[in-house]
Structures are given as C-alpha cells and as structure tokens.
Amino acid sequence: MTENFTRLFTQDFSDLEAAASSWKKLAEALGKTGTDSGKRVTGPLHKAGWTGLSATHGFEAMEATESKLGTAQLDAQLITTTLDTLRTRMEAAQRTLRNAVADAEAAGHTVRDGGWVEPKQALDPKYHNDPDYEGLQSEANAGLGGFRARIDGALTDAATASYEAAELLHQIDPFDLDKRYGGANAQEDAARVAEFAGISRKDIPDGKDPQKAADWWAGLGEDDQRFYLAAFPDQLGPLDGLPATARDHANRTVLDVKLNDYALREGSLGYHDRSNYRSLSALKERLEKADVGPAHKQQYLLGLSTKGDGRAIVAIGNPDTAKHTAVQVPGTDNQLDNFDGQISRANKLQDAAGDWSAGTGKDVSVIAWLGYDAPELDNSVITDGRALDGAEDLRGFTHGLRAAQEGERTHLTVLAHSYGSTIAGAANAGGQGLDADDMVVLGSPGLTVDRADQLQIDPEHLWVGAAGNDPISNVASDLTLGADPKKSEFGAQRMYVDTSGHSGYWDDGSQSLENQGRIIAGKTPKDGGPR
C-alpha cells in the first residue's frame with residue numbers, strides 16, 4: 001500500500017497524455033492513408049475501367065490492404081481511447097486521494113507516508129483512565145474511518161483502472177492487422193473499450209426524433225464522435241439527423257465488414273449471400289469511382305442493409321450543404337441487386353437540376369432512397385401495405401435531412417416513381433409529413449389519398465407526370481392505391497412529359513428529365529400547370 005499511495009499521490013500523467021496523443025496521430029494518419037488509397041489508387045483504376053484476371057487479383061489485394069489499414073486505424077483509435085480513459089480515471093483517483101489527505105490533515109490527523117491515517121488524541125494519554133476519555137477520544141475521531149475509506153477507495157479505483165486498461169491493451173491483437181477478419185475482431189475490442197470508457201449503445205438516440213439525434217451528435221466532442229463511429233457504426237449509419245459525412249463513414253465501415261465476411265466464406269455462400277456479395281462489391285466500386293471525382297459528385301452512403309431484398313441510400317453531393325436537395329423514391333421490383341440504376345438516375349437528376357441552379361449543379365444534392373421493402377410483381381403491388389410500412393422511415397429520413405442541414409434551409413424536393421409515389425403519398429399524408437417544398441410523382445398508381453389537399457404540401461407544388469402510354473398510370477390508378485393524381489379533380493399540377501412508357505422519364509435530352517431538374521432547382525417546369 002505504501003508504494004501505491006506514494007506513486008499515485010505524486011504521479012505526473014503527462015507521459016500518458018503524450019502517448020495517447022501519439023496514438024491519436026497514428027490513427028489519423030492511417031485513416032488518411034486508407035482514404036488516399038481509395039482516391040489515388042483503387043478509385044482511379046476502377047474509373048479507368050481496368051479489367052481482366054490481373055485486375056480481379058489486383059483489386060482483391062488492394063481491398064485487403066485497405067481493410068487492414070481500416071483495422072489498424074480502429075486499433076489505434078481504441079488504444080487512444082483506452083489511454084485517454086485511463087488518464088482520466090487515474091487523475092480522478094489522484095484528486096480523490098489528495099482531497100482525502102488534505103481533509104484528514106485539516107481535521108487534525110496525521111497521514112503517514114504509506115497513507116495510513118493516525119487517530120488524533122483528544123486528551124493527553126495520561127488521562128486514559130478518566131471515565132470520559134473513551135467518549136471524548138471517539139468523538140474526536142468520528143471521521144477517521146471515512147478518511148481511511150476515501151484513501152483506500154482512491155487506491156482501489158486507480159488499481160482497477162490500471163488493471164482493466166492493461167487487459168484491454170493486451171486484447172487488442174496486433175496479429176489482426178494482417179488478416180481480413182481483423183475488422184470483425186476489432187469491432188469486438190471496440191465494444192470492450194467502450195464499456196471501459198463509459199460509452200454505451202444505450203446513449204445513442206433511438207432514431208425516432210431526428211432533431212434529438214442531431215443535437216446529441218453536436219453535443220459530443222470530436223474524440224467522442226470518432227469513437228462512437230469506431231465502436232458502433234451499425235447503429236450510427238442509419239441514424240436520421242446525423243451529418244452525411246458521419247453516416248457515410250459508419251456505413252462504409254459496415255460495408256467493408258460485410259464484404260470481408262463474405263470474402264472469407266465465399267466458397268460456402270448460399271444464393272442470397274452470393275447475390276449480396278456481388279451487389280455490395282458493385283456498390284463499393286461505384287463509391288470508390290466517385291471518390292476521385294469533383295466534390296459535388298462525391299457519393300455518401302447514408303443507409304445500407306442486406307435484410308430481405310436489401311436496402312441502400314446514396315446521396316450524390318452533400319445534402320447537408322446543398323442549396324437544393326432531392327430525394328428520389330423508386331417503385332416496384334427495386335432491390336439491392338439493381339440499385340445501381342437508381343444511382344444513375346440520381347446522377348441524371350443532379351445534372352438536369354444543374355442546368356437551372358445558380359451553382360450549376362455544385363449546390364445540388366440528389367439522393368437515391370431505397371429505404372423500404374419495395375413490392376415485387378405480385379399481390380403486394382396492389383395493396384398499400386408496403387407503403388404504410390415504409391412511410392415512417394421516409395418521413396424520418398427527410399426530417400433528418402432538415403435536422404442535419406448546415407446554414408439556411410435547403411429547397412427540398414421529393415420525387416417518386418410508380419409504387420414509390422404510393423409510399424411518398426402515405427408518408428406525406430401521415431405524421432408530420434415530409435416537410436418538402438415540392439413533390440413530383442411519375443407514373444403513379446395512387447398516393448393513398450383522394451385529393452391533393454389531403455397531403456401536407458401546397459397543391460400548387462405537387463407535380464404529376466404521366467406518359468400517355470404509361471400502363472401503370474393508365475391502368476392501376478384509381479383502383480386500390482388512391483385516386484388518380486393526374487385527373488384534374490385530384491387538384492395537383494400536371495408536369496409536361498415528352499417520353500413514353502413507364503420508365504422513360506429519365507431519358508437523356510427529354511423534356512421529362514429537364515422539368516424534373518427545373519423543379520429540383522426551385523423553378524417552374526416548362527409547360528407546367530394544370531392540363
């Protein structure tokens with residue numbers, strides 16, 4: 001006890017602080033190296049169209065290297081957090097110890113070098129036979145046990161913190177760094193370090209209130225933000241209200257962990273997992289290609305799930321800083337394995353809006369939102385069940401965009417195609433609506449309502465586009481999913497289209513595409529208005 005007391009009472013923790021700072025710098029350097037690898041090597045090679053057997057093996061090797069860099073970054077971050085937490089807890093124990101000693105001495109006690117608190121003498125010992133001696137002595141030393149307990153408690157706290165930190169550092173396995181499964185092991189380490197640091201999943205908002213999530217995130221320090229991203233990416237990635245950069249970081253971590261898991265089990269994957277492996281690999285390739293492009297073409301992974309048919313949300317351009325933001329909601333038979341087509345449509349919409357925005361597209365973000373379980377070509381497509389199930393998720397997402405917005409309020413447009421318009425209608429009719437400034441529905445079978453004024457948007461800003469030979473708009477509307485929105489009695493505005501069929505609204509050079517771009521940029525569509 002003597003040695004521990006003296007060491008804790010006099011210890012200078014500046015070396016521990018310096019060590020944590022060094023590990024923090026290493027974590028930042030590893031993160032930058034991993035990002036640079038994607039932007040300067042993997043991304044350009046994907047963009048250049050490198051193919052063939054050598055490309056296959058080359059990309060596998062580079063992805064493995066980037067995975068190891070990610071594991072190393074996480075390990076360095078965990079060591080940083082462990083050392084920082086250890087310093088904080090040791091300094092707290094030291095303060096408790098010093099305060100206990102100071103209080104004991106102020107009360108007239110002598111504290112020995114080993115930390116032992118001596119009882120004080122109320123009377124000269126020669127009066128020990130006095131009948132009042134014991135009582136007076138006991139009264140004078142009433143606080144003695146408390147002082148001793150405080151000192152013992154401080155020494156115990158310090159010893160516990162030191163032991164737990166040593167165990168955590170021992171468990172952060174350096175041999176994980178050269179293995180693709182290392183990321184999964186590092187995630188397990190992160191959960192243990194989080195417990196040591198007093199950080200819990202339970203502290204993360206439940207996602208029901210995007211503004212609450214935004215406020216919680218803004219209230220964290222940068223170090224805590226980085227650690228939450230490292231320890232709980234699966235919970236932060238889908239959390240509406242967080243900045244796009246944070247969600248993208250978290251979801252890309254989840255993406256890499258999933259890809260590494262599939263790669264390790266490649267020989268034994270079932271059909272569903274093989275399909276997911278191909279889809280996620282294609283998504284990662286697309287993200288890496290965009291990483292080397294201009295800032296307004298950067299892509300942000302705002303949501304990802306492999307459950308069921310899979311879900312994904314990708315923004316082109318940062319919605320947190322955009323003057324104009326659009327959310328594109330797809331319809332029937334869309335899933336993870338064909339999501340690339342939705343990103344392509346979002347890209348076309350951003351370009352179309354760029355022709356009319358003040359920033360020529362640099363101030364526009366368009367989001368491909370497959371955040372619900374889209375119906376297949378079966379009975380689910382003629383009922384509003386899938387729409388009602390996904391409505392709250394779409395509402396939460398658009399309100400999350402508002403909560404995460406930097407600066408002045410963005411002009412928000414929700415565009416929805418086919419059954420996507422049904423979920424958009426259900427979302428805008430219920431709760432607090434979508435908080436959109438404009439809404440565009442294309443080839444709609446119905447919006448779950450009978451009139452435009454039943455939606456939480458000005459009917460003057462509800463635009464309906466329908467090709468003359470669109471079978472869904474012509475046949476499926478006015479049946480089970482709500483009134484036909486293209487009819488004048490519905491009360492919406494007709495948007496002029498010059499394309500044909502159900503999926504031609506994004507044809508290059510078409511007035512249909514141009515008009516969507518105009519609306520995204522806050523302009524009136526050409527030849528718009530009631531028809």
# chains A, B, ... in the order shown; residues from 1 in each chain; ligands from 1
>>> select_by_dssp(residues="segment 154-327 of chain A", states="alpha helix (DSSP H)", output="MDAnalysis selection string")
chainID A and resid 154:171 182:197 210:218 222:231 233:236 244:264 271:291
>>> residues_around(residues="Asp527 of chain A", least_positions_apart="6", cutoff="10 Å", atoms="only C-alpha atoms", output="short mmCIF file (atom, residue, chain, number, x, y, z; two decimals) with C-alpha atoms, in the first residue's frame")
data_model
loop_
_atom_site.label_atom_id
_atom_site.label_comp_id
_atom_site.auth_asym_id
_atom_site.auth_seq_id
_atom_site.Cartn_x
_atom_site.Cartn_y
_atom_site.Cartn_z
CA ARG A 494 -49.63 18.38 -64.35
CA MET A 495 -45.94 18.31 -65.31
CA TYR A 496 -45.39 18.09 -69.04
CA VAL A 497 -43.58 14.96 -70.20
CA GLN A 511 -38.33 17.47 -71.55
CA ASN A 515 -38.69 19.51 -65.99
#
>>> closest_residue(among="A:Thr96, A:Gln299, A:Gln335, A:Thr253", to="Thr156 of chain A", atoms="only C-alpha atoms")
A:Thr96
>>> residues_around(residues="segment 389-392 of chain A", least_positions_apart="5", cutoff="7 Å", atoms="only C-alpha atoms", output="ChimeraX atom specification")
/A:372,423-424,426-427
>>> closest_residue(among="A:Thr71, A:Leu169, A:Thr306, A:Leu144", to="Leu86 of chain A", atoms="only C-alpha atoms")
A:Leu169
>>> closest_residue(among="A:Asp103, A:Asp240, A:Glu3, A:Asp75", to="Asp393 of chain A", atoms="only C-alpha atoms")
A:Asp240
>>> residues_around(residues="Gly517 of chain A", least_positions_apart="2", cutoff="10 Å", atoms="only C-alpha atoms", output="list in words")
Ala326, Lys348, Leu349, Gln350, Asp351, Ala352, Ala353, Gly354, Asp355, Trp356, Ser357, Gly361, Gln511, Ser512, Leu513, Glu514, Asn515, Ile519, Ile520, Ala521, Gly522, Lys523, Thr524 and Pro525 of chain A
>>> closest_residue(among="A:Glu195, A:Glu164, A:Asp215, A:Glu288", to="Thr42 of chain A", atoms="only C-alpha atoms")
A:Glu288
>>> closest_atom_pairs(of="segment 204-279 of chain A", to="segment 58-61 of chain A", cutoff="12 Å", atoms="only C-alpha atoms", output="Markdown table")
| residue | atom | partner | partner_atom | distance |
| --- | --- | --- | --- | --- |
| A:Leu259 | CA | A:Glu60 | CA | 11.0 |
| A:Asn260 | CA | A:Glu60 | CA | 10.6 |
| A:Ala263 | CA | A:Glu60 | CA | 9.6 |
>>> write_last_selection(atoms="C-alpha atoms", output="mmCIF file, in the first residue's frame")
data_model
loop_
_atom_site.group_PDB
_atom_site.id
_atom_site.type_symbol
_atom_site.label_atom_id
_atom_site.label_comp_id
_atom_site.auth_asym_id
_atom_site.auth_seq_id
_atom_site.Cartn_x
_atom_site.Cartn_y
_atom_site.Cartn_z
ATOM 1 C CA LEU A 259 -17.582 -7.675 -47.709
ATOM 2 C CA ASN A 260 -14.760 -9.155 -45.643
ATOM 3 C CA ALA A 263 -14.892 -12.991 -48.835
#
